[in-house]
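One structure below.
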Amino acid sequence: METLPYGSWPSPIDAALAAAHDGKPEFVGFVGDEVWWTAPRPAEGGRRTLVRRGADGTEEPVLPPPWNVRSRVIEYGGRPWDGTVVDGTPLIVFVNFADQRLYRHEPGGTPRPLTPVSAVGGGLRWAEPQLLVDRGEVWCVLEEFTGEGPSDVRRVPAAVPLDGSAAEDRAAVRELTAERHRFVTGPRLSPDGRRAAWLAWDHPRMPWDGTELLVADVSDDGRLTAPRTVAGGPEESVAQADWAADGSLLYASDRGGWWNLYRDGRPLCPREEEFAGPLWKLGQRWFAPLDSGLVAVVHGRGATALGILDPESGEVVDAAGPWGEFDATLAVHGGRVVGVGAGPLGSHEVVELDTRTGRARVVGAAHRDPVDPAHYPEPRVRTFTGPGGREVHAHVYPPHHPGCAAPAGELPPYVVWAHGGPTSRSPLVLDLEIAYFTSRGIGVAEVNYGGSTGYGRVYRERLREQWGVVDVEDCAAVALALADEGTADRGRLAIRGGSAGGWTTAASLTGTDVYACGTVLYPILDLTGWGTGETHDFESQYLESLVGPLAEVPGRYAERSPAEHADRITAPFLLLQGLDDVICPPVQCERFLARLRGRDVPHAYLTFEGEGHGFRRAETMVRALEAELSLYAQVFGLDPAGIPTLELDT
């Protein structure tokens, strides 16, 4: 065992390795008997491709570059593809990111557009396509811009002809129902084809605040008629709905304080745990009914498991395996269930559960250790005490190296990670970006601060009108607790986060003296600007619940904004921003830096062409990760080998 100072341990996990393993499989589905999914390609410009698993177990990408299977509906996107088998041949429809058109594709051929391009605003966008071959249509969500502004937009369930007749003709797209709500999910047809169900909500609510579950009759001409609300409301979030084989309607509602499952209004398995989550992407799926009457579920309190629910007994039997977290994507075929799982020692994999045998196995994107797993972090699930005695959930990753130890008496530096959302959660899974730091002797603490999901509605609503307060306090409580217990060096604490986590990071640097430095990625920095047109439509009124109504508490918006308090910041920081980001646009960073000018605070501002909200290109992730480590090295007095020095301006 070699004795070296924290932060100087040699690590086989470099930034290029971490970038190469960024991203995960998403949106699993069956095409006939085959399992398909979307997969990241960081080295190919950050695109996502469609992958199929053949009968012999081999995986192959279906679409070559530059095809990019990704929707931009509500900017966070949604399920971008669907497939079936027609006359023995796969038939696929997918959304291409570059033009947002819906395409038809048979492997071996060239994709053919099904929808037109619109020159108005953000154009025409599509999500949650469902192939209805017998009707000759694709049912999906249409997002249509009506002007140049980010909120000049309408959304409605729509049917696209499968024969390509709408490829140049917007009028050939058939709207399934009259426009009634600002936001909708894709309609799900009942087994007999006579009814359809979907979710809807309106500003200023977000889907985790309150949604309506709508059911309509399907008329002879294929329109959705007489829609009525059967569940949900302003204070009840229905996160997903689907039909069981017997025609009953299943849905996940948090009316009891937790997202639990209901069948035609009756609870199936009432528990103080979540059977759904925040609907950030259209088409997320936490449950899937099987033909047998059983229901595949992703559920848990904090961490999530894949299980099979028996609606008659209310019992859930979970799949055995190394996966401690499952994502909100499920598909079923006969007695087969497919999802995406990961764990502290393994990255996200496509997992198949055979409900007849109870056996779970990896069928795609199998984890392979790129380095000796002895270099992986060893996380600890912790619950800390925040202000007022409230619980704060966190994952603590101490520095870890199989061949290195720090000198006796030295305490390690720690970086607090604040997740985005903020209505979200940090899962306990292998992340090589975390390993990049811990294997060098820098600890990481992921904080699921008040407002995070996975712990019930009461915990989630701690952040209501308290954004910039509760999240900042909870992160600080964890950082200081680690220092007080002798786990972390009080003088070498940092904080980092992206998007809403970037907000928490910047608010922590301007509002506390806990941290010696921070890394702020594609952040919100000016609440007033962000709440009055500087973001996209989906989140344009999010602050009404997170901060309060702007018309009633305008002073609160200024009081909490880091951009208004640039004069308070004294700690060095790194600011990272994609220039194509329409959710947290560069103008927020530019305004903040303009107000900081002349204050002699060491900082760096790195921008990236072609990157939006969240980095997807390998070269971007390498530059950002190395710059972050260099910041900590300079501030904490560390000596990591082979890292380019980040130039800090004042």
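Just remember, in the structure tokens the first chain shown is A, the second B, etc., residues are 1-based per chain, and ligands are 1-based in the order shown.
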Write out as JSON lines the residues of range 296-374 of chain A that have any atom within 7 Å of an atom of range 268-287 of chain A, one row each with the nearest atom pair and its distance in Å to one decimal, counting only C-alpha atoms, sorted by chain and then rising number.
```
{"residue": "A:Ala296", "atom": "CA", "partner": "A:Phe287", "partner_atom": "CA", "distance": 5.4}
{"residue": "A:Val297", "atom": "CA", "partner": "A:Phe287", "partner_atom": "CA", "distance": 4.3}
{"residue": "A:Val298", "atom": "CA", "partner": "A:Trp286", "partner_atom": "CA", "distance": 5.1}
{"residue": "A:His299", "atom": "CA", "partner": "A:Phe275", "partner_atom": "CA", "distance": 4.4}
{"residue": "A:Gly300", "atom": "CA", "partner": "A:Glu273", "partner_atom": "CA", "distance": 5.3}
{"residue": "A:Arg301", "atom": "CA", "partner": "A:Glu273", "partner_atom": "CA", "distance": 4.7}
{"residue": "A:Pro311", "atom": "CA", "partner": "A:Leu268", "partner_atom": "CA", "distance": 5.6}
{"residue": "A:Gly314", "atom": "CA", "partner": "A:Cys269", "partner_atom": "CA", "distance": 4.8}
{"residue": "A:Ala328", "atom": "CA", "partner": "A:Trp286", "partner_atom": "CA", "distance": 4.9}
{"residue": "A:Thr329", "atom": "CA", "partner": "A:Arg285", "partner_atom": "CA", "distance": 4.8}
{"residue": "A:Leu330", "atom": "CA", "partner": "A:Arg285", "partner_atom": "CA", "distance": 5.7}
```
Report as a list in words all protein, DNA and RNA residues lying within 10 Å of Pro399 in chain A, evaluated on only C-alpha atoms, omitting residues in the same chain fewer than 2 positions from it.
Tyr6, Gly7, Trp9, His375, Tyr376, Pro377, Glu378, Pro379, Val396, Tyr397, His401, Cys404, Ala405, Ala406, Pro412, Pro413, Tyr414, Ile434, Ala435, Phe437, Thr438, Ser439, Arg440, Gly441, Ile442, Gly443 and Val444 of chain A
State, in Å with one decimal place, the distance from CA of Ala342 in chain A to CA of Leu463 in chain A.
28.1 Å
Between A:Val363, A:Ala320, A:Ala488, A:Ala445, which residue has the minimum interatomic distance to Ala55 in chain A, considering only C-alpha atoms?
A:Val363
I'd like to know which of A:Leu631, A:Ala127, A:Val553, A:Met621 is closest to Ile495 in chain A, using only C-alpha atoms.
A:Leu631
Pick out the residues sitting within 6 Å of Pro113 in chain A, and hand them over as a list in words; count only C-alpha atoms, and ignore anything fewer than 3 positions along from it in its own chain.
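Near Pro113 in chain A, the qualifying residues are Leu102, Tyr103 and Ala167 of chain A.
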Long-range neighbours of Val160 in chain A as JSON, numbers by chain, 12 Å cut-off, only C-alpha atoms, 3 positions minimum in chain:
{"A": [93, 101, 102, 103, 104, 113, 114, 115, 116, 126, 127, 129, 130, 131, 132, 133, 135, 136, 137, 138, 139, 140, 141, 142, 157, 163, 164, 165, 166, 167, 168, 169, 170, 171, 172, 173, 174, 175, 176]}
Report as a VMD selection string all protein, DNA and RNA residues lying within 10 Å of Phe615 in chain A, evaluated on only C-alpha atoms, omitting residues in the same chain fewer than 4 positions from it.
chain A and resid 19 22 to 23 42 46 521 to 522 576 to 578 608 610 to 611 619 to 621 624
Counting only C-alpha atoms, what is within 10 Å of Trp417 in chain A, bar same-chain residues fewer than 4 positions away, as a ChimeraX atom specification?
/A:394-395,426,434,444-448,475,494-498,501-502,504-505,518-519
Applying 6 Å and only C-alpha atoms, which residues near Pro80 in chain A remain after dropping the ones on its own chain fewer than 4 positions away? List them as a PyMOL selection string.
chain A and resi 70-71+94-95+127-128
Go ahead and save the residues from that selection, with C-alpha atoms, as a short mmCIF file (atom, residue, chain, number, x, y, z; two decimals), in the first residue's frame.
```
data_model
loop_
_atom_site.label_atom_id
_atom_site.label_comp_id
_atom_site.auth_asym_id
_atom_site.auth_seq_id
_atom_site.Cartn_x
_atom_site.Cartn_y
_atom_site.Cartn_z
CA ARG A 70 -34.39 11.41 -30.01
CA SER A 71 -37.47 13.60 -29.58
CA PHE A 94 -38.77 6.87 -35.08
CA VAL A 95 -38.15 10.58 -34.47
CA ALA A 127 -43.25 11.76 -29.18
CA GLU A 128 -44.65 8.44 -27.99
#
```
From CA of Glu391 in chain A to CA of Arg492 in chain A the spacing works out at 24.5 Å
Have a look at CA of Tyr76 in chain A and CA of Glu59 in chain A and let me know their distance in Å, one decimal.
26.9 Å
Closest to Pro5 in chain A among A:Leu648, A:Val469, A:Glu534, A:Gly409, using only C-alpha atoms?
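Residue with the minimum atom-to-atom distance to Pro5 in chain A: A:Gly409.
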